Structures are given as C-alpha cells and as structure tokens.
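Presented below is the structure to which this report refers.
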Protein chains: 2
Amino acid sequence: MTERRKAATRLDIARTAAALFVEHGLRSTRAEDIARAAGVAPRTFYRYFATKEEAITPLLAVGARQWVEAVRDAPSALPVPDALRHAAACALTPAPGDTAASESLEWVRSLLRMAADSPALQSVWNDACHDADATLAGVLAARAGLPDEAGSLEIRLTAGVAGAAVRAAVETWAAGDAPATGPQGPAALAQRCLASAEGALRGA
Amino acid sequence: MTERRKAATRLDIARTAAALFVEHGLRSTRAEDIARAAGVAPRTFYRYFATKEEAITPLLAVGARQWVEAVRDAPSALPVPDALRHAAACALTPAPGDTAASESLEWVRSLLRMAADSPALQSVWNDACHDADATLAGVLAARAGLPDEAGSLEIRLTAGVAGAAVRAAVETWAAGDAPATGPQGPAALAQRCLASAEGALRGA
DNA sequence: GCACTTATGGCAGATTCTGCCACATGGGCA
DNA sequence: TGCCCATGTGGCAGAATCTGCCATAAGTGC
C-alpha cells in the first residue's frame, strides 16, 4: 500500500514539474520550485528524481508502460508482430471520452517539443525509450518461454526494432499538429511503422 | 584549423576522463580532477562538456561516426540494406595491426560495462546512439535524393531500425568476452542483426 | 607586424545533489 | 485499541556541479 502512495507522489511531482516547465520555461524553473509546488521538501524531491529534468519521466513512460503490458496480456497464440501491433493500437488510441488518455498524449507532445531545444530533456526521452525497450525485451522473452533470457540477441533486436518503430511514430506525431486520434495519430502511424518493420519482428 | 585544435582537446579530455573513470571509479572522479589531468581549467572543461559523464561521448561516438560516413561514401547504386551492412562491417572491423581501432573498441566495452550500474553513463550511451540515428537519417535522406527531409517518417524508421540493430550487436559483444574480431565480434553480430532486420530497411 | 576574432582561465555565486540524523507516519501484530 | 517497527519524510550542512562575467592569451587573416 505504501508502494501506491509513493507512485502517487511520484506522479504528482511529475505533473507539477511539467506544468511549471510549460508555464515558466525549463530554465527558470528550479528543482526547489517544483518541490514546493508539489508540496514536498527539496530533499524529498531528490529521493524521487536525480535531476529536475528527470521529473517528467513518469509522464513519458505511461504510454510505453501500457504498450508493454498490452503485449504481455496478448493471447500467446498471436504471432509476435501482430501482438505488438495490436498492443500499440490499444495503448496509443485514447478511448473516446477518456480525457485522461488524451491529455496524457498532449503532455507528451508538449514535452517532446520542449525537448527539441534542451539536450537534458532529450536525454530523458531517450532514457524513457530505452527503458521501454528493456522491459519489452523482458516481456518478449517470457512470451517466448525463455526463463530469463531478455539478454538474447534475437530478443534484444526484436524489442529494439519494435521500440524504434513506435518511437518514430510518436515523435513524428508530436512534431506535427494532427489530433491524437485519426489517420495521422500516433496509433495509426505506429501501425504503419510496425507493419513496415514486420520482417524484422519475426525473429523472436 | 582552430576547429581541429578544439576537436583534439575534446578527445584529450575524453580519453583522460575514461582513464580516470576506469582507474578510480566514476563516483570518486570529480570534474575538476578530469580537467586538471587533461591540462585544462575546470571552466574550460565545462565549455566542452555539460557534465563529467558526458565527457566520454567522443569515445562512444567514434564508431558510430565511421559507420555513418561509410554509409555516406557507399556507391549510390548499392541498395540501402547492403550499404548499411557493408558500412557496419568496415566501421566495426579493426584492420589487423590497427591498434587504435582495437583499443577504441575495448574502451567502448569498458565504458559500457561501467554504464551497467550508472544511470548517468547509460544515459550518455543512449544519447550517443540517438545522435547516431539522427545523423544516419540525414545521410539516408541525402542518399534518397530528398533535399533536407531527414524528418520523413520512412527515413526516420529506417535509421532507427538500423541503429537498433547495430546497437544490439555492439551491446551484446560488449557484455561478453569475445574478441573484437571473429564470429562473435561486433562486426559479425551487426551483420546478423542487419540481415535479420533487412525486411524493415527497404523502406528508405 | 597589426588588428581582430576566438579560446582559455579565473573567480564569484547560484544551483544542484548527497550524507546524516531526527521526526513522523503508517502498516502489522498482540 | 495500542504498541512497535519499518520506512518515508524533512531539515541542515556541505560538497560538487554548473554558469555569468570579464580579463587575458592565443591564433588567424590582412
């Protein structure tokens, strides 16, 4: 239960940080400001995040998390490429009326745009993508029946390629003005990318 | 000419930093220590690198640079997947007797192992890989005749997939004890990965 | 050799980050 | 319920990181 509390404050801090970054700019927002606005002590902030830029990680990771979990929960009879595509569609398509999901995607867009001229934020996004690749590799390994072999070259390659495909889709969407749903939305783009990459995804 | 000088000191600092990291550990090496050992002022160090971890970037990027340039210099008649494979083979195979290339690879191995238990170093590696993807996308766009469209979804996808393949190969090699040449070397692994991913590389 | 651009060094100071310890909070158990 | 303990939190001191500013030196072109 205490785990749940920690995750909640973690998300609280993340949302607070993102809001401050968007409102006042990344540069003129200090870690102390985020902490105060989030209602925690500076020392506590640094127990959750190593740097102020890292504070937005939970917001960037939520989509990836849903994707990976959807892959885990996909019927094991489904071929890997299909499981990846279906999971991406689920994770990146906000259900009509689900404002939380839509707003989550819009936050990602705002943050990615901000990251365009901030190496530190860009780095956070890179890390988030890499973490997603790593956990996806673990899920694919489990799916393949391998006990703990997320380190296998084939698994790593598949996870990396799938991750690159979804990443390209999300970044392309975020760079434009298309709505989160529809043919230019992240889900649709990811379908196309994963389809293009299908040949490289059969290896797992 | 001043450009060349700057690149030289940049590499100097990088080598100094890597040596200190390996010898005394990342934690107990301060930015000031690196600066002194490299013969520059701390203030100058921070003009080259934003953080002490970032100082190793040039060492991680040299291989990627060679790969991308080999792709650029490949005959334009060569299909993209073949160009990528051939370039990877050239960039990751140290010529017999070329101790510089071999040692460069060994440095990468040491640094990647150190990065295994240092989020900050891992982040630097992620950034290096992403930079490589981005420049590769530019080269592929030029190859395809597109004026400046490194931002096209297809190009980005291809570069991302190719980058993921080579990255998986290099990381797998670095995690093991295989020599830099031979069937378990990075070049050979990259060949296999790029071959597996070939289906996803025809899009450009 | 002379002007000029540009890199470097040094210093002050803001900010970031960490170690340490005391306190509070919340979950488990009698 | 009431106590106990594990654990999260706050506060403070201090180290390390990072930046702005200006003076100086180095090197670049005329």
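In the structure tokens, chains take the letters A, B, ... in the order shown, each chain's residues start at 1, and ligands count up from 1 in the order shown.
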Q: Could you give me, as a list in words, the residues within 10 Å of Leu26 (chain A), counting only C-alpha atoms (C1' of nucleotides) and dropping anything in the same chain fewer than 3 positions from it?
A: Ala17, Ala18, Leu20, Phe21, Val22, Glu23, Thr29, Arg30, Lys52, Glu53, Met114, Ala115, Ser118 and Leu121 of chain A
(Q) Neighbouring residues of region 7-14 of chain B were defined as those with any atom within 10 Å, considering only C-alpha atoms (C1' of nucleotides); residues of the same chain fewer than 3 positions away were excluded. Please report them as an NGL selection string. (A) :B and (2-4 or 17-20 or 34-40 or 45 or 47-49 or 52-60)
At most 9 Å to chain A: residues in chain D, only C-alpha atoms (C1' of nucleotides), as a PDB file with all heavy atoms, in the first residue's frame:
```pdb
ATOM      1  P    DG D   8      10.135   3.436   1.926  1.00  0.00           P
ATOM      2  OP1  DG D   8       9.546   2.532   0.938  1.00  0.00           O
ATOM      3  OP2  DG D   8      11.601   3.614   2.008  1.00  0.00           O
ATOM      4  O5'  DG D   8       9.478   4.883   1.727  1.00  0.00           O
ATOM      5  C5'  DG D   8       8.102   5.048   2.011  1.00  0.00           C
ATOM      6  C4'  DG D   8       7.860   6.392   2.659  1.00  0.00           C
ATOM      7  O4'  DG D   8       8.453   6.405   3.979  1.00  0.00           O
ATOM      8  C3'  DG D   8       8.465   7.583   1.912  1.00  0.00           C
ATOM      9  O3'  DG D   8       7.482   8.602   1.785  1.00  0.00           O
ATOM     10  C2'  DG D   8       9.629   8.031   2.785  1.00  0.00           C
ATOM     11  C1'  DG D   8       9.147   7.627   4.164  1.00  0.00           C
ATOM     12  N9   DG D   8      10.228   7.386   5.113  1.00  0.00           N
ATOM     13  C8   DG D   8      11.211   6.429   5.023  1.00  0.00           C
ATOM     14  N7   DG D   8      12.037   6.437   6.035  1.00  0.00           N
ATOM     15  C5   DG D   8      11.570   7.464   6.844  1.00  0.00           C
ATOM     16  C6   DG D   8      12.055   7.941   8.080  1.00  0.00           C
ATOM     17  O6   DG D   8      13.036   7.564   8.729  1.00  0.00           O
ATOM     18  N1   DG D   8      11.275   9.008   8.569  1.00  0.00           N
ATOM     19  C2   DG D   8      10.172   9.523   7.934  1.00  0.00           C
ATOM     20  N2   DG D   8       9.558  10.529   8.545  1.00  0.00           N
ATOM     21  N3   DG D   8       9.708   9.080   6.782  1.00  0.00           N
ATOM     22  C4   DG D   8      10.451   8.050   6.296  1.00  0.00           C
ATOM     23  P    DT D   9       7.810   9.865   0.877  1.00  0.00           P
ATOM     24  OP1  DT D   9       6.547  10.293   0.256  1.00  0.00           O
ATOM     25  OP2  DT D   9       8.975   9.532   0.040  1.00  0.00           O
ATOM     26  O5'  DT D   9       8.234  10.958   1.935  1.00  0.00           O
ATOM     27  C5'  DT D   9       7.328  11.287   2.991  1.00  0.00           C
ATOM     28  C4'  DT D   9       7.980  12.244   3.966  1.00  0.00           C
ATOM     29  O4'  DT D   9       9.019  11.557   4.687  1.00  0.00           O
ATOM     30  C3'  DT D   9       8.649  13.464   3.321  1.00  0.00           C
ATOM     31  O3'  DT D   9       7.923  14.622   3.671  1.00  0.00           O
ATOM     32  C2'  DT D   9      10.068  13.475   3.909  1.00  0.00           C
ATOM     33  C1'  DT D   9       9.978  12.497   5.068  1.00  0.00           C
ATOM     34  N1   DT D   9      11.238  11.764   5.374  1.00  0.00           N
ATOM     35  C2   DT D   9      11.932  12.066   6.510  1.00  0.00           C
ATOM     36  O2   DT D   9      11.578  12.917   7.295  1.00  0.00           O
ATOM     37  N3   DT D   9      13.074  11.315   6.691  1.00  0.00           N
ATOM     38  C4   DT D   9      13.566  10.327   5.863  1.00  0.00           C
ATOM     39  O4   DT D   9      14.598   9.722   6.118  1.00  0.00           O
ATOM     40  C5   DT D   9      12.793  10.067   4.684  1.00  0.00           C
ATOM     41  C7   DT D   9      13.212   9.017   3.715  1.00  0.00           C
ATOM     42  C6   DT D   9      11.665  10.785   4.496  1.00  0.00           C
ATOM     43  P    DG D  10       8.346  16.013   3.025  1.00  0.00           P
ATOM     44  OP1  DG D  10       7.122  16.837   2.933  1.00  0.00           O
ATOM     45  OP2  DG D  10       9.144  15.751   1.808  1.00  0.00           O
ATOM     46  O5'  DG D  10       9.288  16.658   4.128  1.00  0.00           O
ATOM     47  C5'  DG D  10       8.782  16.809   5.440  1.00  0.00           C
ATOM     48  C4'  DG D  10       9.842  17.379   6.372  1.00  0.00           C
ATOM     49  O4'  DG D  10      10.875  16.386   6.602  1.00  0.00           O
ATOM     50  C3'  DG D  10      10.556  18.626   5.836  1.00  0.00           C
ATOM     51  O3'  DG D  10      10.554  19.608   6.852  1.00  0.00           O
ATOM     52  C2'  DG D  10      11.962  18.133   5.500  1.00  0.00           C
ATOM     53  C1'  DG D  10      12.147  16.972   6.466  1.00  0.00           C
ATOM     54  N9   DG D  10      13.032  15.908   5.993  1.00  0.00           N
ATOM     55  C8   DG D  10      12.948  15.259   4.782  1.00  0.00           C
ATOM     56  N7   DG D  10      13.852  14.331   4.632  1.00  0.00           N
ATOM     57  C5   DG D  10      14.588  14.373   5.814  1.00  0.00           C
ATOM     58  C6   DG D  10      15.701  13.598   6.236  1.00  0.00           C
ATOM     59  O6   DG D  10      16.267  12.699   5.614  1.00  0.00           O
ATOM     60  N1   DG D  10      16.132  13.967   7.510  1.00  0.00           N
ATOM     61  C2   DG D  10      15.570  14.959   8.277  1.00  0.00           C
ATOM     62  N2   DG D  10      16.120  15.167   9.468  1.00  0.00           N
ATOM     63  N3   DG D  10      14.523  15.684   7.893  1.00  0.00           N
ATOM     64  C4   DG D  10      14.089  15.337   6.664  1.00  0.00           C
ATOM     65  P    DG D  11      10.951  21.084   6.518  1.00  0.00           P
ATOM     66  OP1  DG D  11      10.041  21.951   7.292  1.00  0.00           O
ATOM     67  OP2  DG D  11      11.029  21.195   5.050  1.00  0.00           O
ATOM     68  O5'  DG D  11      12.410  21.264   7.122  1.00  0.00           O
ATOM     69  C5'  DG D  11      12.650  20.866   8.474  1.00  0.00           C
ATOM     70  C4'  DG D  11      14.140  20.785   8.737  1.00  0.00           C
ATOM     71  O4'  DG D  11      14.663  19.545   8.205  1.00  0.00           O
ATOM     72  C3'  DG D  11      14.964  21.910   8.095  1.00  0.00           C
ATOM     73  O3'  DG D  11      15.847  22.433   9.067  1.00  0.00           O
ATOM     74  C2'  DG D  11      15.712  21.199   6.965  1.00  0.00           C
ATOM     75  C1'  DG D  11      15.891  19.815   7.565  1.00  0.00           C
ATOM     76  N9   DG D  11      16.127  18.748   6.588  1.00  0.00           N
ATOM     77  C8   DG D  11      15.433  18.529   5.417  1.00  0.00           C
ATOM     78  N7   DG D  11      15.860  17.491   4.750  1.00  0.00           N
ATOM     79  C5   DG D  11      16.903  17.001   5.521  1.00  0.00           C
ATOM     80  C6   DG D  11      17.753  15.891   5.301  1.00  0.00           C
ATOM     81  O6   DG D  11      17.753  15.089   4.359  1.00  0.00           O
ATOM     82  N1   DG D  11      18.679  15.742   6.336  1.00  0.00           N
ATOM     83  C2   DG D  11      18.782  16.566   7.432  1.00  0.00           C
ATOM     84  N2   DG D  11      19.724  16.269   8.322  1.00  0.00           N
ATOM     85  N3   DG D  11      17.984  17.603   7.650  1.00  0.00           N
ATOM     86  C4   DG D  11      17.077  17.765   6.651  1.00  0.00           C
TER      87       DG D  11
END
```
Taking a cut-off of 9 Å and counting only C-alpha atoms (C1' of nucleotides), can you build a table that, for each residue of chain A near chain C, reports the nearest atom pair and how far apart they are in Å (one decimal), sorted by chain then residue number, as a tab-separated table?
```
residue	atom	partner	partner_atom	distance
A:Met1	CA	C:DG27	C1'	8.6
A:Thr2	CA	C:DG26	C1'	8.1
A:Arg30	CA	C:DT15	C1'	7.9
A:Ala31	CA	C:DT16	C1'	8.2
A:Tyr46	CA	C:DC17	C1'	7.6
A:Ala50	CA	C:DC17	C1'	7.9
A:Thr51	CA	C:DT16	C1'	7.9
```
Q: Enumerate as number ranges by chain all residues of region 18-191 of chain A assigned to alpha helix (DSSP H) by DSSP on the backbone, naming them with the chain letters and numbers the document uses.
A: A: 18-24, 31-38, 42-48, 57-73, 80-92, 99-115, 119-143, 153-175, 186-191
Since we have the selection now, will you write its residues out, keeping C-alpha atoms, as a CSV table (one decimal), in the first residue's frame?
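The result, stored in out30.csv:
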```
chain,number,residue,atom,x,y,z
A,18,ALA,CA,5.6,19.5,-16.4
A,19,ALA,CA,3.2,22.3,-15.7
A,20,LEU,CA,5.9,24.6,-14.4
A,21,PHE,CA,8.2,23.8,-17.3
A,22,VAL,CA,5.5,24.7,-19.8
A,23,GLU,CA,4.4,27.8,-17.9
A,24,HIS,CA,7.7,29.4,-16.9
A,31,ALA,CA,14.2,21.9,-8.5
A,32,GLU,CA,13.2,23.7,-5.4
A,33,ASP,CA,10.3,25.4,-7.1
A,34,ILE,CA,9.0,22.0,-8.3
A,35,ALA,CA,9.3,20.6,-4.8
A,36,ARG,CA,7.5,23.5,-3.2
A,37,ALA,CA,4.7,23.5,-5.8
A,38,ALA,CA,4.3,19.7,-5.3
A,42,PRO,CA,13.5,19.6,-1.8
A,43,ARG,CA,15.3,16.7,-0.1
A,44,THR,CA,12.3,14.5,-0.8
A,45,PHE,CA,12.2,15.6,-4.5
A,46,TYR,CA,15.8,14.3,-4.9
A,47,ARG,CA,14.7,11.0,-3.4
A,48,TYR,CA,12.3,10.6,-6.3
A,57,THR,CA,9.8,10.7,-16.7
A,58,PRO,CA,6.6,9.2,-15.4
A,59,LEU,CA,4.6,11.2,-17.9
A,60,LEU,CA,6.7,10.0,-20.8
A,61,ALA,CA,6.6,6.4,-19.5
A,62,VAL,CA,2.9,5.9,-19.0
A,63,GLY,CA,2.3,5.2,-22.7
A,64,ALA,CA,5.2,2.8,-23.0
A,65,ARG,CA,4.0,1.0,-19.9
A,66,GLN,CA,0.6,0.5,-21.3
A,67,TRP,CA,2.0,-0.8,-24.6
A,68,VAL,CA,4.3,-3.3,-23.0
A,69,GLU,CA,1.6,-4.5,-20.6
A,70,ALA,CA,-0.7,-4.9,-23.6
A,71,VAL,CA,1.9,-7.1,-25.2
A,72,ARG,CA,2.2,-9.2,-22.1
A,73,ASP,CA,-1.5,-9.7,-21.9
A,80,VAL,CA,4.7,-11.5,-32.1
A,81,PRO,CA,4.3,-8.9,-34.8
A,82,ASP,CA,0.5,-9.0,-34.5
A,83,ALA,CA,0.7,-8.8,-30.7
A,84,LEU,CA,3.0,-5.7,-31.0
A,85,ARG,CA,0.7,-4.0,-33.5
A,86,HIS,CA,-2.5,-4.7,-31.6
A,87,ALA,CA,-0.9,-3.6,-28.3
A,88,ALA,CA,0.3,-0.4,-29.9
A,89,ALA,CA,-3.1,0.3,-31.2
A,90,CYS,CA,-4.6,-0.1,-27.7
A,91,ALA,CA,-2.0,1.9,-25.9
A,92,LEU,CA,-1.9,4.8,-28.3
A,99,THR,CA,-9.9,12.6,-21.3
A,100,ALA,CA,-7.1,11.3,-19.1
A,101,ALA,CA,-5.6,9.4,-22.0
A,102,SER,CA,-5.9,12.3,-24.4
A,103,GLU,CA,-4.4,14.8,-22.1
A,104,SER,CA,-1.6,12.3,-21.4
A,105,LEU,CA,-0.7,12.3,-25.1
A,106,GLU,CA,-0.9,16.1,-25.3
A,107,TRP,CA,1.5,16.3,-22.4
A,108,VAL,CA,3.9,14.1,-24.2
A,109,ARG,CA,3.6,16.3,-27.3
A,110,SER,CA,4.4,19.4,-25.3
A,111,LEU,CA,7.3,17.8,-23.5
A,112,LEU,CA,8.8,16.4,-26.7
A,113,ARG,CA,8.6,19.8,-28.3
A,114,MET,CA,10.3,21.4,-25.3
A,115,ALA,CA,12.9,18.6,-25.6
A,119,PRO,CA,19.7,18.3,-24.5
A,120,ALA,CA,18.8,17.4,-20.9
A,121,LEU,CA,15.2,16.8,-21.7
A,122,GLN,CA,16.0,15.0,-24.9
A,123,SER,CA,18.2,12.7,-22.8
A,124,VAL,CA,15.3,12.0,-20.5
A,125,TRP,CA,13.2,11.0,-23.5
A,126,ASN,CA,16.0,8.8,-24.8
A,127,ASP,CA,16.2,7.1,-21.4
A,128,ALA,CA,12.4,6.5,-21.3
A,129,CYS,CA,12.5,4.9,-24.8
A,130,HIS,CA,15.4,2.7,-23.8
A,131,ASP,CA,13.7,1.6,-20.6
A,132,ALA,CA,10.7,0.7,-22.6
A,133,ASP,CA,12.8,-1.4,-24.9
A,134,ALA,CA,14.3,-3.2,-22.0
A,135,THR,CA,11.1,-4.1,-20.3
A,136,LEU,CA,9.6,-5.1,-23.7
A,137,ALA,CA,12.6,-7.4,-24.2
A,138,GLY,CA,11.7,-9.0,-20.8
A,139,VAL,CA,8.1,-9.5,-21.8
A,140,LEU,CA,9.1,-10.9,-25.2
A,141,ALA,CA,11.5,-13.3,-23.5
A,142,ALA,CA,8.7,-14.5,-21.2
A,143,ARG,CA,6.4,-14.8,-24.1
A,153,LEU,CA,20.5,-11.1,-29.2
A,154,GLU,CA,17.3,-12.0,-31.1
A,155,ILE,CA,15.0,-10.8,-28.3
A,156,ARG,CA,17.0,-7.6,-27.9
A,157,LEU,CA,16.9,-7.0,-31.6
A,158,THR,CA,13.2,-7.5,-31.9
A,159,ALA,CA,12.5,-5.3,-28.9
A,160,GLY,CA,14.8,-2.6,-30.2
A,161,VAL,CA,13.3,-2.6,-33.7
A,162,ALA,CA,9.7,-2.5,-32.3
A,163,GLY,CA,10.7,0.3,-30.0
A,164,ALA,CA,12.3,2.2,-32.8
A,165,ALA,CA,9.1,1.9,-34.9
A,166,VAL,CA,6.8,3.1,-32.2
A,167,ARG,CA,9.2,5.9,-31.2
A,168,ALA,CA,9.4,7.1,-34.8
A,169,ALA,CA,5.6,7.2,-34.9
A,170,VAL,CA,5.2,9.1,-31.6
A,171,GLU,CA,7.9,11.6,-32.4
A,172,THR,CA,6.5,12.3,-35.9
A,173,TRP,CA,3.0,12.8,-34.5
A,174,ALA,CA,4.4,15.1,-31.7
A,175,ALA,CA,6.2,17.2,-34.2
A,186,PRO,CA,0.2,8.1,-33.0
A,187,ALA,CA,-1.7,4.8,-33.1
A,188,ALA,CA,-2.2,4.9,-36.9
A,189,LEU,CA,1.4,5.9,-37.5
A,190,ALA,CA,2.6,3.2,-35.2
A,191,GLN,CA,0.6,0.6,-37.2
```
Q.
Rounded to one decimal, what separation in Å do you get between CA of Pro75 (chain A) and CA of Leu194 (chain B)?
A. 28.9 Å
